[in-house]
file data.cif (mmCIF, C-alpha atoms)
data_structure
loop_
_atom_site.label_atom_id
_atom_site.label_comp_id
_atom_site.auth_asym_id
_atom_site.auth_seq_id
_atom_site.Cartn_x
_atom_site.Cartn_y
_atom_site.Cartn_z
CA MET I 174 -50.12 -49.18 -56.59
CA ARG I 175 -53.65 -49.15 -55.25
CA GLU I 176 -52.94 -52.25 -53.15
CA PHE I 177 -49.75 -50.69 -51.85
CA PHE I 178 -51.63 -47.53 -50.88
CA SER I 179 -54.45 -49.41 -49.14
CA LYS I 180 -51.90 -51.55 -47.25
CA TYR I 181 -49.99 -48.55 -45.94
CA ARG I 182 -52.92 -46.09 -45.95
CA VAL I 183 -52.85 -45.30 -42.23
CA LEU I 184 -49.06 -44.92 -42.17
CA PHE I 185 -49.12 -42.72 -45.27
CA LEU I 186 -51.96 -40.45 -44.06
CA THR I 187 -50.48 -40.18 -40.56
CA SER I 188 -47.15 -39.13 -42.09
CA VAL I 189 -48.98 -36.53 -44.22
CA LEU I 190 -50.69 -35.21 -41.06
CA LEU I 191 -47.36 -35.04 -39.22
CA VAL I 192 -45.56 -33.27 -42.08
CA GLY I 193 -48.54 -30.90 -42.46
CA ALA I 194 -48.44 -30.05 -38.74
CA LEU I 195 -44.69 -29.43 -38.92
CA LEU I 196 -45.00 -27.23 -42.03
CA MET I 197 -47.83 -25.24 -40.48
CA TYR I 198 -45.84 -24.60 -37.31
CA SER I 199 -42.70 -23.62 -39.19
CA ALA I 200 -44.72 -21.27 -41.48
CA ASN I 201 -46.34 -19.62 -38.45
CA LEU I 202 -42.95 -19.02 -36.78
CA ARG I 203 -42.44 -16.17 -39.24
CA LYS I 204 -45.97 -14.79 -38.82
CA ARG I 205 -46.25 -14.37 -35.06
CA GLU I 206 -47.94 -10.99 -35.27
CA HIS I 207 -50.56 -12.11 -37.72
CA THR I 208 -53.99 -13.36 -36.74
CA SER I 209 -55.16 -16.24 -38.93
CA LEU I 210 -58.81 -16.94 -39.74
CA PHE I 211 -58.78 -19.91 -37.34
CA GLU I 212 -57.45 -17.73 -34.51
CA LYS I 213 -59.94 -14.94 -35.30
CA THR I 214 -62.81 -17.44 -35.22
CA VAL I 215 -61.74 -18.96 -31.89
CA LEU I 216 -61.15 -15.48 -30.40
CA THR I 217 -64.63 -14.40 -31.58
CA VAL I 218 -66.30 -17.50 -30.13
CA THR I 219 -64.48 -17.35 -26.78
CA ALA I 220 -64.82 -13.57 -26.22
CA PRO I 221 -68.38 -13.67 -24.75
CA PHE I 222 -67.43 -16.65 -22.52
CA HIS I 223 -64.32 -14.88 -21.21
CA LYS I 224 -66.27 -11.70 -20.52
CA SER I 225 -69.07 -13.64 -18.81
CA ILE I 226 -66.60 -15.56 -16.62
CA ASP I 227 -64.86 -12.29 -15.74
CA LEU I 228 -68.16 -10.64 -14.85
CA ALA I 229 -69.37 -13.65 -12.87
CA TRP I 230 -66.07 -13.87 -10.99
CA GLU I 231 -66.20 -10.17 -10.10
CA SER I 232 -69.79 -10.55 -8.88
CA VAL I 233 -69.04 -13.67 -6.83
CA THR I 234 -65.94 -12.19 -5.16
CA SER I 235 -67.86 -9.00 -4.49
CA VAL I 236 -70.69 -10.95 -2.85
CA VAL I 237 -68.30 -13.13 -0.86
CA GLU I 238 -66.19 -10.19 0.28
CA HIS I 239 -68.90 -7.67 1.05
CA TYR I 240 -72.16 -9.41 1.85
CA LEU I 241 -71.94 -13.14 2.45
CA TRP I 242 -69.81 -13.03 5.55
CA LEU I 243 -71.99 -10.24 6.90
CA VAL I 244 -75.10 -12.40 6.51
CA GLU I 245 -73.43 -15.31 8.28
CA THR I 246 -72.30 -13.09 11.13
CA ALA I 247 -75.74 -11.53 11.46
CA LYS I 248 -77.18 -14.91 12.39
CA GLU I 249 -74.82 -15.14 15.35
CA ASN I 250 -75.04 -11.61 16.67
CA GLU I 251 -77.57 -9.04 17.85
CA ARG I 252 -79.10 -6.40 15.63
CA LEU I 253 -76.66 -3.63 16.55
CA ARG I 254 -73.63 -5.83 15.94
CA HIS I 255 -75.12 -6.77 12.61
CA GLU I 256 -75.61 -3.12 11.76
CA ASN I 257 -72.02 -2.39 12.74
CA LEU I 258 -70.78 -5.15 10.45
CA LEU I 259 -72.89 -3.82 7.62
CA LEU I 260 -71.25 -0.43 8.05
CA ARG I 261 -67.82 -2.07 8.03
CA GLY I 262 -68.81 -3.85 4.85
CA GLU I 263 -69.74 -0.54 3.31
CA LEU I 264 -66.39 0.84 4.43
CA ASP I 265 -64.60 -2.06 2.74
CA ASN I 266 -66.59 -1.34 -0.36
CA LEU I 267 -65.57 2.32 -0.24
CA ARG I 268 -61.94 1.32 0.27
CA GLU I 269 -62.15 -0.86 -2.82
CA VAL I 270 -63.68 2.04 -4.76
CA LYS I 271 -60.92 4.32 -3.43
CA LEU I 272 -58.23 1.87 -4.57
CA ALA I 273 -59.82 1.50 -8.01
CA ASN I 274 -60.08 5.29 -8.21
CA HIS I 275 -56.40 5.63 -7.30
CA ARG I 276 -55.39 3.06 -9.93
CA LEU I 277 -57.48 4.72 -12.62
CA ARG I 278 -56.16 8.18 -11.69
CA ARG I 279 -52.59 6.91 -12.08
CA LEU I 280 -53.56 5.44 -15.43
CA LEU I 281 -55.06 8.77 -16.53
CA ASP I 282 -51.96 10.69 -15.38
CA PHE I 283 -49.85 8.20 -17.30
CA LYS I 284 -52.12 8.63 -20.31
CA ASP I 285 -51.63 12.43 -20.20
CA GLU I 286 -47.85 11.98 -20.25
CA GLN I 287 -47.96 10.04 -23.53
CA ALA I 288 -48.28 11.82 -26.87
CA LEU I 289 -50.21 8.82 -28.07
CA ARG I 290 -53.80 7.69 -28.16
CA ALA I 291 -54.38 5.38 -25.21
CA LEU I 292 -57.20 2.88 -25.15
CA PRO I 293 -58.03 1.51 -21.67
CA ALA I 294 -58.62 -2.25 -21.54
CA GLN I 295 -59.31 -4.89 -18.92
CA VAL I 296 -57.35 -8.16 -18.56
CA ILE I 297 -59.92 -10.97 -18.78
CA ALA I 298 -57.85 -14.15 -19.24
CA GLU I 299 -54.32 -15.54 -19.15
CA ASP I 300 -52.16 -17.92 -21.16
CA ALA I 301 -53.46 -21.48 -21.48
CA SER I 302 -50.01 -22.90 -20.80
CA SER I 303 -48.10 -22.49 -17.55
CA TRP I 304 -44.79 -21.50 -19.17
CA ALA I 305 -45.70 -18.86 -21.80
CA ARG I 306 -46.59 -15.32 -20.70
CA THR I 307 -49.55 -13.79 -22.51
CA VAL I 308 -52.85 -12.23 -21.40
CA VAL I 309 -56.18 -11.61 -23.09
CA ILE I 310 -57.71 -8.10 -23.03
CA ASP I 311 -61.35 -7.16 -23.60
CA LYS I 312 -60.73 -4.87 -26.61
CA GLY I 313 -60.31 -5.95 -30.22
CA THR I 314 -60.50 -4.71 -33.80
CA THR I 315 -63.87 -3.03 -33.19
CA ALA I 316 -62.15 -0.75 -30.65
CA GLY I 317 -59.27 -0.08 -33.07
CA VAL I 318 -56.72 -2.55 -31.68
CA VAL I 319 -54.28 -3.97 -34.24
CA GLU I 320 -51.30 -6.35 -34.05
CA GLY I 321 -48.05 -4.79 -32.89
CA GLN I 322 -49.49 -2.04 -30.68
CA PRO I 323 -47.63 -1.49 -27.39
CA VAL I 324 -49.45 -2.14 -24.12
CA VAL I 325 -48.54 -0.34 -20.88
CA ASN I 326 -49.91 0.31 -17.42
CA ALA I 327 -49.17 2.96 -14.79
CA GLU I 328 -46.03 1.10 -13.70
CA GLY I 329 -44.42 0.68 -17.12
CA VAL I 330 -44.29 -1.50 -20.23
CA VAL I 331 -46.56 -4.55 -20.20
CA GLY I 332 -46.14 -6.03 -23.69
CA ARG I 333 -47.43 -5.84 -27.25
CA VAL I 334 -50.54 -7.03 -29.08
CA ILE I 335 -49.89 -10.20 -31.10
CA LYS I 336 -53.34 -11.54 -32.03
CA VAL I 337 -56.60 -9.64 -32.46
CA GLY I 338 -60.22 -10.74 -32.69
CA PRO I 339 -63.22 -8.44 -33.02
CA GLU I 340 -63.89 -8.28 -29.26
CA GLU I 341 -60.65 -9.42 -27.61
CA ALA I 342 -56.92 -9.39 -28.22
CA ARG I 343 -53.87 -11.27 -26.95
CA VAL I 344 -50.91 -9.43 -25.50
CA LEU I 345 -47.41 -10.96 -25.42
CA LEU I 346 -45.94 -9.88 -22.07
CA ILE I 347 -42.38 -8.59 -21.99
CA THR I 348 -41.45 -11.47 -19.68
CA ASP I 349 -42.32 -14.10 -22.32
CA ALA I 350 -39.31 -15.87 -23.82
CA ALA I 351 -40.41 -14.84 -27.34
CA SER I 352 -40.38 -11.15 -26.39
CA ALA I 353 -37.45 -8.87 -27.19
CA MET I 354 -37.30 -5.05 -27.34
CA ALA I 355 -34.66 -2.43 -27.85
CA ALA I 356 -33.78 -0.82 -24.51
CA LEU I 357 -31.29 1.53 -22.89
CA VAL I 358 -30.03 2.20 -19.39
CA GLN I 359 -31.43 5.63 -18.49
CA ARG I 360 -28.36 6.85 -16.53
CA THR I 361 -25.58 5.84 -18.92
CA ARG I 362 -27.56 5.52 -22.21
CA THR I 363 -26.10 2.03 -22.68
CA ARG I 364 -28.02 0.21 -25.38
CA GLY I 365 -29.14 -3.41 -25.34
CA VAL I 366 -31.98 -5.79 -26.05
CA CYS I 367 -34.39 -6.65 -23.23
CA ARG I 368 -35.50 -10.28 -23.47
CA GLY I 369 -38.11 -12.14 -21.44
CA ARG I 370 -37.05 -15.00 -19.17
CA GLY I 371 -40.39 -16.18 -17.79
CA ASN I 372 -40.58 -14.08 -14.64
CA SER I 373 -37.68 -11.68 -15.19
CA LEU I 374 -35.81 -9.94 -18.02
CA THR I 375 -32.25 -9.84 -19.24
CA LEU I 376 -30.50 -6.95 -20.96
CA ASP I 377 -28.53 -8.63 -23.73
CA PHE I 378 -25.73 -7.16 -25.83
CA ALA I 379 -24.71 -4.54 -23.23
CA LEU I 380 -20.96 -4.09 -23.80
CA ARG I 381 -18.73 -5.28 -20.95
CA GLN I 382 -16.96 -1.94 -20.53
CA GLU I 383 -20.24 -0.02 -20.13
CA ASP I 384 -21.06 1.22 -16.62
CA ILE I 385 -24.23 -0.49 -15.38
CA GLU I 386 -25.11 -0.72 -11.68
CA VAL I 387 -27.79 -2.44 -9.63
CA GLY I 388 -30.75 -0.06 -9.32
CA ASP I 389 -30.29 1.57 -12.76
CA ARG I 390 -33.55 2.23 -14.59
CA VAL I 391 -34.00 0.56 -17.97
CA VAL I 392 -36.29 2.26 -20.52
CA THR I 393 -37.35 1.62 -24.11
CA SER I 394 -34.99 3.11 -26.69
CA GLY I 395 -37.60 3.71 -29.37
CA MET I 396 -35.66 1.57 -31.86
CA GLY I 397 -37.50 -1.32 -33.46
CA GLY I 398 -40.68 0.60 -34.16
CA VAL I 399 -43.00 -1.03 -31.61
CA PHE I 400 -42.46 0.81 -28.32
CA PRO I 401 -42.13 4.60 -28.15
CA LYS I 402 -38.96 5.96 -26.54
CA GLY I 403 -38.65 6.40 -22.78
CA LEU I 404 -41.18 3.90 -21.43
CA PHE I 405 -40.06 2.44 -18.10
CA ILE I 406 -39.23 -1.27 -18.39
CA GLY I 407 -37.69 -2.07 -15.01
CA GLU I 408 -34.68 -1.85 -12.73
CA VAL I 409 -31.34 -3.63 -12.90
CA VAL I 410 -31.12 -6.22 -10.10
CA ARG I 411 -27.94 -8.11 -11.03
CA VAL I 412 -24.83 -7.38 -13.08
CA VAL I 413 -22.18 -10.00 -13.87
CA ARG I 414 -19.01 -9.04 -15.77
CA GLY I 415 -16.88 -11.99 -16.77
CA ASP I 416 -13.12 -11.83 -17.18
CA TYR I 417 -13.48 -12.12 -20.91
CA GLY I 418 -16.18 -11.82 -23.56
CA LEU I 419 -17.75 -8.86 -25.33
CA PHE I 420 -20.88 -8.45 -23.21
CA GLN I 421 -21.90 -8.35 -19.58
CA SER I 422 -24.83 -10.27 -18.11
CA VAL I 423 -27.55 -7.94 -16.79
CA GLU I 424 -30.76 -9.07 -15.07
CA VAL I 425 -33.71 -6.67 -14.95
CA ALA I 426 -36.78 -6.84 -12.67
CA PRO I 427 -39.85 -5.71 -14.63
CA ALA I 428 -41.60 -2.59 -13.30
CA ALA I 429 -45.09 -3.92 -13.96
CA ASP I 430 -46.49 -6.42 -11.47
CA PHE I 431 -47.73 -9.16 -13.78
CA SER I 432 -49.37 -11.12 -10.97
CA ARG I 433 -51.81 -8.27 -10.41
CA LEU I 434 -52.46 -7.10 -13.94
CA GLU I 435 -55.99 -5.69 -14.20
CA GLU I 436 -56.22 -2.50 -16.25
CA VAL I 437 -53.87 -1.69 -19.15
CA LEU I 438 -53.59 0.91 -21.91
CA VAL I 439 -53.17 0.01 -25.57
CA LEU I 440 -51.12 2.76 -27.23
CA SER I 441 -51.48 3.87 -30.82
CA GLU I 442 -50.26 6.86 -32.77
CA VAL I 443 -52.62 9.84 -33.01
CA GLU I 444 -53.80 10.17 -36.59
CA MET G 193 -69.85 -37.00 -35.17
CA ARG G 194 -71.18 -37.24 -31.61
CA ARG G 195 -67.73 -38.24 -30.35
CA PHE G 196 -66.06 -35.44 -32.28
CA THR G 197 -68.51 -32.92 -30.80
CA GLY G 198 -67.81 -34.37 -27.36
CA TYR G 199 -64.05 -33.95 -27.80
CA PHE G 200 -64.50 -30.44 -29.18
CA LEU G 201 -66.72 -29.38 -26.26
CA THR G 202 -64.30 -30.94 -23.75
CA GLY G 203 -61.41 -29.07 -25.39
CA PHE G 204 -63.39 -25.84 -25.32
CA VAL G 205 -64.29 -26.25 -21.63
CA PHE G 206 -60.64 -27.10 -20.80
CA LEU G 207 -59.55 -23.99 -22.72
CA LEU G 208 -61.92 -21.74 -20.77
CA LEU G 209 -60.84 -23.35 -17.48
CA GLN G 210 -57.14 -22.89 -18.29
CA THR G 211 -57.42 -19.30 -19.49
CA ALA G 212 -60.16 -17.72 -17.41
CA VAL G 213 -60.79 -19.79 -14.27
CA LEU G 214 -57.57 -21.49 -13.08
CA PRO G 215 -55.37 -18.33 -13.39
CA ARG G 216 -57.67 -16.62 -10.86
CA ILE G 217 -57.20 -19.29 -8.21
CA LEU G 218 -53.80 -20.88 -8.85
CA PRO G 219 -50.30 -19.55 -9.59
CA ALA G 220 -48.84 -20.55 -12.99
CA TYR G 221 -46.65 -23.37 -11.63
CA LEU G 222 -49.63 -25.07 -9.95
CA ARG G 223 -51.96 -25.02 -12.96
CA PRO G 224 -52.55 -28.49 -14.42
CA ASP G 225 -52.43 -29.07 -18.18
CA LEU G 226 -55.93 -30.42 -18.77
CA PHE G 227 -55.30 -30.89 -22.50
CA ILE G 228 -52.74 -33.63 -21.89
CA ILE G 229 -55.48 -35.67 -20.16
CA LEU G 230 -57.58 -35.33 -23.32
CA ILE G 231 -54.64 -36.42 -25.52
CA ILE G 232 -53.93 -39.49 -23.37
CA TYR G 233 -57.61 -40.39 -23.42
CA LEU G 234 -57.65 -39.98 -27.21
CA SER G 235 -54.65 -42.28 -27.61
CA LEU G 236 -56.41 -45.00 -25.60
CA ALA G 237 -59.82 -44.64 -27.20
CA GLU G 238 -59.33 -43.54 -30.81
CA LYS G 239 -57.70 -44.90 -33.95
CA TYR G 240 -54.55 -43.42 -35.51
CA LEU G 241 -55.98 -41.09 -38.12
CA ARG G 242 -59.05 -39.81 -36.34
CA GLY G 243 -57.29 -39.51 -32.97
CA GLY G 244 -54.22 -37.90 -34.53
CA PHE G 245 -56.33 -35.30 -36.30
CA ILE G 246 -58.33 -34.50 -33.14
CA ALA G 247 -55.08 -34.29 -31.09
CA TRP G 248 -53.60 -31.84 -33.62
CA LEU G 249 -56.81 -29.79 -33.66
CA ALA G 250 -56.91 -29.70 -29.83
CA GLY G 251 -53.31 -28.46 -29.86
CA CYS G 252 -54.16 -25.72 -32.36
CA LEU G 253 -57.14 -24.73 -30.20
CA LYS G 254 -54.79 -24.40 -27.23
CA ASP G 255 -52.30 -22.49 -29.39
CA VAL G 256 -54.83 -19.70 -29.91
CA PHE G 257 -54.38 -18.86 -26.21
CA ALA G 258 -50.94 -20.29 -25.48
CA GLY G 259 -47.59 -18.85 -26.50
CA SER G 260 -47.21 -16.87 -29.69
CA THR G 261 -46.99 -19.43 -32.51
CA LEU G 262 -49.98 -21.28 -33.92
CA GLY G 263 -49.17 -24.95 -34.43
CA LEU G 264 -46.63 -25.54 -31.63
CA HIS G 265 -48.99 -27.40 -29.32
CA GLY G 266 -50.68 -28.92 -32.39
CA LEU G 267 -47.41 -30.55 -33.44
CA VAL G 268 -46.43 -31.58 -29.90
CA PHE G 269 -49.87 -33.07 -29.11
CA LEU G 270 -49.85 -34.99 -32.39
CA LEU G 271 -46.40 -36.43 -31.59
CA CYS G 272 -47.54 -37.30 -28.05
CA PHE G 273 -50.62 -39.03 -29.43
CA LEU G 274 -48.64 -41.06 -31.96
CA PHE G 275 -46.02 -42.06 -29.40
CA ILE G 276 -48.56 -43.21 -26.80
CA LYS G 277 -50.75 -44.86 -29.44
CA GLY G 278 -47.68 -46.77 -30.60
CA THR G 279 -47.09 -48.22 -27.13
CA GLU G 280 -50.78 -48.74 -26.27
CA ARG G 281 -50.90 -52.36 -27.48
CA ARG G 282 -48.16 -53.32 -25.05
CA LEU G 283 -50.12 -51.94 -22.09
CA ASN G 284 -52.91 -53.39 -19.99
CA THR G 285 -55.73 -51.14 -21.15
CA GLU G 286 -58.28 -52.94 -19.03
CA SER G 287 -57.77 -50.66 -16.05
CA SER G 288 -58.91 -47.06 -16.17
CA LEU G 289 -56.16 -46.24 -13.65
CA LEU G 290 -53.82 -46.64 -16.61
CA LEU G 291 -55.09 -43.24 -17.72
CA VAL G 292 -53.62 -41.65 -14.58
CA ILE G 293 -50.25 -43.38 -14.99
CA LEU G 294 -50.14 -42.45 -18.66
CA VAL G 295 -50.92 -38.83 -17.78
CA PHE G 296 -47.75 -38.85 -15.64
CA PHE G 297 -45.62 -40.15 -18.52
CA GLY G 298 -47.58 -38.06 -21.05
CA THR G 299 -46.74 -34.87 -19.13
CA LEU G 300 -43.06 -35.83 -19.14
CA LEU G 301 -43.23 -36.58 -22.86
CA GLU G 302 -45.15 -33.41 -23.74
CA ARG G 303 -42.72 -31.15 -21.87
CA GLY G 304 -39.73 -32.94 -23.36
CA LEU G 305 -41.11 -32.66 -26.90
CA MET G 306 -42.03 -29.01 -26.28
CA ALA G 307 -38.49 -28.21 -25.13
CA ALA G 308 -36.99 -30.11 -28.10
CA THR G 309 -39.29 -28.35 -30.61
CA LEU G 310 -38.42 -24.92 -29.17
CA LEU G 311 -34.73 -25.78 -29.16
CA ILE G 312 -34.75 -26.91 -32.80
CA PHE G 313 -37.16 -24.43 -34.38
CA ALA G 314 -37.85 -21.38 -32.21
CA ASP G 315 -35.84 -18.37 -31.02
CA ALA G 316 -32.25 -18.46 -29.99
CA GLY G 317 -31.57 -18.39 -26.27
CA PRO G 318 -32.75 -20.51 -23.38
CA SER G 319 -36.51 -20.27 -24.11
CA TRP G 320 -36.62 -24.07 -24.50
CA GLN G 321 -35.79 -24.43 -20.81
CA LEU G 322 -39.01 -22.75 -19.67
CA PRO G 323 -41.37 -25.74 -20.23
CA LEU G 324 -38.94 -27.91 -18.21
CA ARG G 325 -38.75 -25.56 -15.22
CA GLN G 326 -42.23 -26.48 -13.97
CA LEU G 327 -41.97 -30.15 -14.88
CA PRO G 328 -41.53 -31.51 -11.30
CA MET G 329 -44.73 -29.80 -10.15
CA GLN G 330 -46.62 -30.63 -13.37
CA ILE G 331 -45.97 -34.39 -13.17
CA VAL G 332 -47.63 -34.37 -9.75
CA ILE G 333 -50.50 -31.94 -10.33
CA THR G 334 -51.76 -33.14 -13.73
CA PRO G 335 -52.06 -36.88 -12.80
CA LEU G 336 -53.82 -35.83 -9.57
CA VAL G 337 -56.36 -33.85 -11.58
CA ALA G 338 -56.74 -36.83 -13.95
CA LEU G 339 -57.49 -39.03 -10.93
CA VAL G 340 -60.11 -36.58 -9.65
CA LEU G 341 -61.70 -36.42 -13.12
CA LEU G 342 -61.75 -40.22 -13.31
CA ILE G 343 -63.42 -40.53 -9.90
CA THR G 344 -65.95 -37.85 -10.88
CA VAL G 345 -66.78 -39.63 -14.16
CA ARG G 346 -67.22 -42.97 -12.33
CA TRP G 347 -69.43 -41.29 -9.73
CA LEU G 348 -71.52 -39.63 -12.45
CA ARG G 349 -71.91 -42.94 -14.27
CA ARG G 350 -72.98 -44.71 -11.10
CA TYR G 351 -75.61 -42.10 -10.24
CA SER G 352 -76.90 -41.82 -13.78
CA LEU G 353 -77.47 -45.64 -13.67
CA GLY G 354 -75.18 -46.20 -16.62
CA ARG G 355 -77.10 -43.84 -18.89
CA LEU G 356 -74.13 -41.49 -19.06
CA VAL G 357 -71.94 -43.02 -21.74
CA ILE G 358 -68.42 -41.67 -21.94
CA PRO G 359 -67.07 -42.70 -25.35
CA GLY G 360 -64.09 -44.99 -25.06
CA LEU G 361 -64.08 -45.28 -21.27
CA ARG G 362 -66.09 -48.49 -21.35
CA TYR G 363 -63.18 -50.16 -23.17
CA LEU G 364 -60.93 -49.31 -20.26
CA ASP G 365 -63.22 -50.76 -17.62
CA ASN G 366 -63.71 -54.34 -18.80
CA ARG G 367 -62.08 -55.99 -15.83
CA TYR G 368 -61.75 -53.51 -13.01
CA GLY G 369 -64.54 -51.12 -14.00
CA SER G 370 -67.06 -49.57 -11.64
#
call {"tool": "encode", "arguments": {"input": "data.cif", "output": "structure tokens"}}
result
Amino acid sequence: MREFFSKYRVLFLTSVLLVGALLMYSANLRKREHTSLFEKTVLTVTAPFHKSIDLAWESVTSVVEHYLWLVETAKENERLRHENLLLRGELDNLREVKLANHRLRRLLDFKDEQALRALPAQVIAEDASSWARTVVIDKGTTAGVVEGQPVVNAEGVVGRVIKVGPEEARVLLITDAASAMAALVQRTRTRGVCRGRGNSLTLDFALRQEDIEVGDRVVTSGMGGVFPKGLFIGEVVRVVRGDYGLFQSVEVAPAADFSRLEEVLVLSEVE
Amino acid sequence: MRRFTGYFLTGFVFLLLQTAVLPRILPAYLRPDLFIILIIYLSLAEKYLRGGFIAWLAGCLKDVFAGSTLGLHGLVFLLCFLFIKGTERRLNTESSLLLVILVFFGTLLERGLMAATLLIFADAGPSWQLPLRQLPMQIVITPLVALVLLITVRWLRRYSLGRLVIPGLRYLDNRYGS
């Protein structure tokens, strides 16, 4: 027996590793909104690095955009021209502040509309793969974030929290293929399930006889217990009704611009 | 232990690059999968058990920031490692350029295994198609990045007068090495 084991040791242990990996994956399929100790540890370790990279990137882009080109131009021009460019740089800076102010004001207005506690957070990283759609925010359990909380921005629904570390959390965007939420068409109250398709959404299980048109607004229905009712998801961009079948095919363009996601709000019920 | 630390640090740097740096400069479809380079390198330089375990661990590390299920990349990377390790003896491992060619086939294999795993185990619907959508771009971008990394490592070794030892790479450079 011992000889047999030593002869096939590598094959046996590799098979154990493979079966173990398969079992672990299949066990985790049912616990998507649960943060394991391994995930918590990695999230804790990476949080300061993500925040530092975010800070460094902001500083570098700020320098490049507002000062560096001014310094280079100053070498080529006279003092007055240099001064003029400095003033333009200041103006750019003020424009940036104005835009940030506008964005934050919209967020605050949005926050006032919700009867929920809203925690502002900054997006600091994105998904490590090119096909899944998740982001990392700079708030975690220490700020009161827990798994399952909905995340929105001024434009509409962004996603929900799936993993939480002490200082950062991961948000599953509504466009991810693993995301599904109960939704309804605002005009006709037609119910369905909004599923992610990478860059767009589909409204599944909308009955074929229901009246849905391009341009209709789709909002959360409040069913399912994650998203509160009435949050704007997106607009219908395509409707296909086949000659037969129970349901129609509805494509929805998400309201939130995921390519420019910066500030978000994590919603939680007021205690 | 030194090798293991080296792999862990490489994985950690790749993770930070893929989550915090590359998304700021490249759209999703143009982002290379740096982890697959590490897996291919592991399959050329490490033995079955040790390499398989490190490949699985690297996948789990990626899973913390990729998708929503812990273990998906772990399983796929382990399968990739075992498959490439199984064919390694039939290949001419004396050229480090093999790494670049294997990254091309490794990317194909990884995406195929990812799609198959999602199709068999994960949600209903066409979610399994997503990893395949960016495949044409990925099989170009990731080998290109592997080539750049290889040139950088060779350059670093030349200018550090051979003091910089990259574990495993010396085995790949017996005949055509720098």
call {"tool": "interface_residues", "arguments": {"input": "data.cif", "of": "chain I", "to": "chain G", "cutoff": "6 Å", "atoms": "all atoms listed in the file", "output": "PyMOL selection string"}}
result
chain I and resi 194+198+201-202+205+212+298-305+350
call {"tool": "atom_distance", "arguments": {"input": "data.cif", "atom1": "CA of Val292 in chain G", "atom2": "CA of Ala308 in chain G"}}
result
24.3 Å
call {"tool": "residues_around", "arguments": {"input": "data.cif", "residues": "Gly278 in chain G", "least_positions_apart": "5", "cutoff": "10 Å", "atoms": "only C-alpha atoms", "output": "list in words"}}
result
Ser235, Tyr240, Cys272 and Phe273 of chain G
call {"tool": "atom_distance", "arguments": {"input": "data.cif", "atom1": "CA of Lys402 in chain I", "atom2": "CA of Ala355 in chain I"}}
result
9.5 Å
call {"tool": "atom_distance", "arguments": {"input": "data.cif", "atom1": "CA of Phe196 in chain G", "atom2": "CA of Leu289 in chain G"}}
result
23.7 Å
call {"tool": "axis_aligned_box", "arguments": {"input": "data.cif", "around": "range 211-214 of chain I", "padding_each_side": "5 Å", "output": "AutoDock Vina command-line options"}}
result
--center_x -60.1 --center_y -17.4 --center_z -35.9 --size_x 15.4 --size_y 15.0 --size_z 12.8
call {"tool": "decode", "arguments": {"input": "data.cif", "residues": "range 292-303 of chain G", "atoms": "N, CA and C atoms", "output": "mmCIF file, in the first residue's frame"}}
result
data_model
loop_
_atom_site.group_PDB
_atom_site.id
_atom_site.type_symbol
_atom_site.label_atom_id
_atom_site.label_comp_id
_atom_site.auth_asym_id
_atom_site.auth_seq_id
_atom_site.Cartn_x
_atom_site.Cartn_y
_atom_site.Cartn_z
ATOM 1 N N VAL G 292 6.313 33.207 -24.618
ATOM 2 C CA VAL G 292 5.397 34.097 -25.341
ATOM 3 C C VAL G 292 4.378 33.285 -26.147
ATOM 4 N N ILE G 293 4.873 32.233 -26.812
ATOM 5 C CA ILE G 293 3.965 31.400 -27.617
ATOM 6 C C ILE G 293 2.974 30.673 -26.704
ATOM 7 N N LEU G 294 3.492 30.203 -25.570
ATOM 8 C CA LEU G 294 2.606 29.509 -24.633
ATOM 9 C C LEU G 294 1.578 30.448 -24.009
ATOM 10 N N VAL G 295 1.952 31.721 -23.850
ATOM 11 C CA VAL G 295 0.990 32.701 -23.319
ATOM 12 C C VAL G 295 -0.186 32.838 -24.297
ATOM 13 N N PHE G 296 0.105 32.802 -25.585
ATOM 14 C CA PHE G 296 -0.940 32.864 -26.617
ATOM 15 C C PHE G 296 -1.916 31.681 -26.444
ATOM 16 N N PHE G 297 -1.341 30.479 -26.384
ATOM 17 C CA PHE G 297 -2.202 29.290 -26.244
ATOM 18 C C PHE G 297 -2.824 29.213 -24.844
ATOM 19 N N GLY G 298 -2.067 29.690 -23.847
ATOM 20 C CA GLY G 298 -2.574 29.705 -22.469
ATOM 21 C C GLY G 298 -3.790 30.604 -22.331
ATOM 22 N N THR G 299 -3.769 31.752 -23.021
ATOM 23 C CA THR G 299 -4.909 32.678 -22.978
ATOM 24 C C THR G 299 -6.137 32.019 -23.605
ATOM 25 N N LEU G 300 -5.910 31.347 -24.729
ATOM 26 C CA LEU G 300 -7.006 30.609 -25.388
ATOM 27 C C LEU G 300 -7.592 29.557 -24.438
ATOM 28 N N LEU G 301 -6.674 28.806 -23.825
ATOM 29 C CA LEU G 301 -7.078 27.727 -22.918
ATOM 30 C C LEU G 301 -7.822 28.272 -21.706
ATOM 31 N N GLU G 302 -7.269 29.346 -21.116
ATOM 32 C CA GLU G 302 -7.880 29.913 -19.899
ATOM 33 C C GLU G 302 -9.291 30.397 -20.183
ATOM 34 N N ARG G 303 -9.460 31.125 -21.296
ATOM 35 C CA ARG G 303 -10.797 31.639 -21.635
ATOM 36 C C ARG G 303 -11.773 30.494 -21.947
#
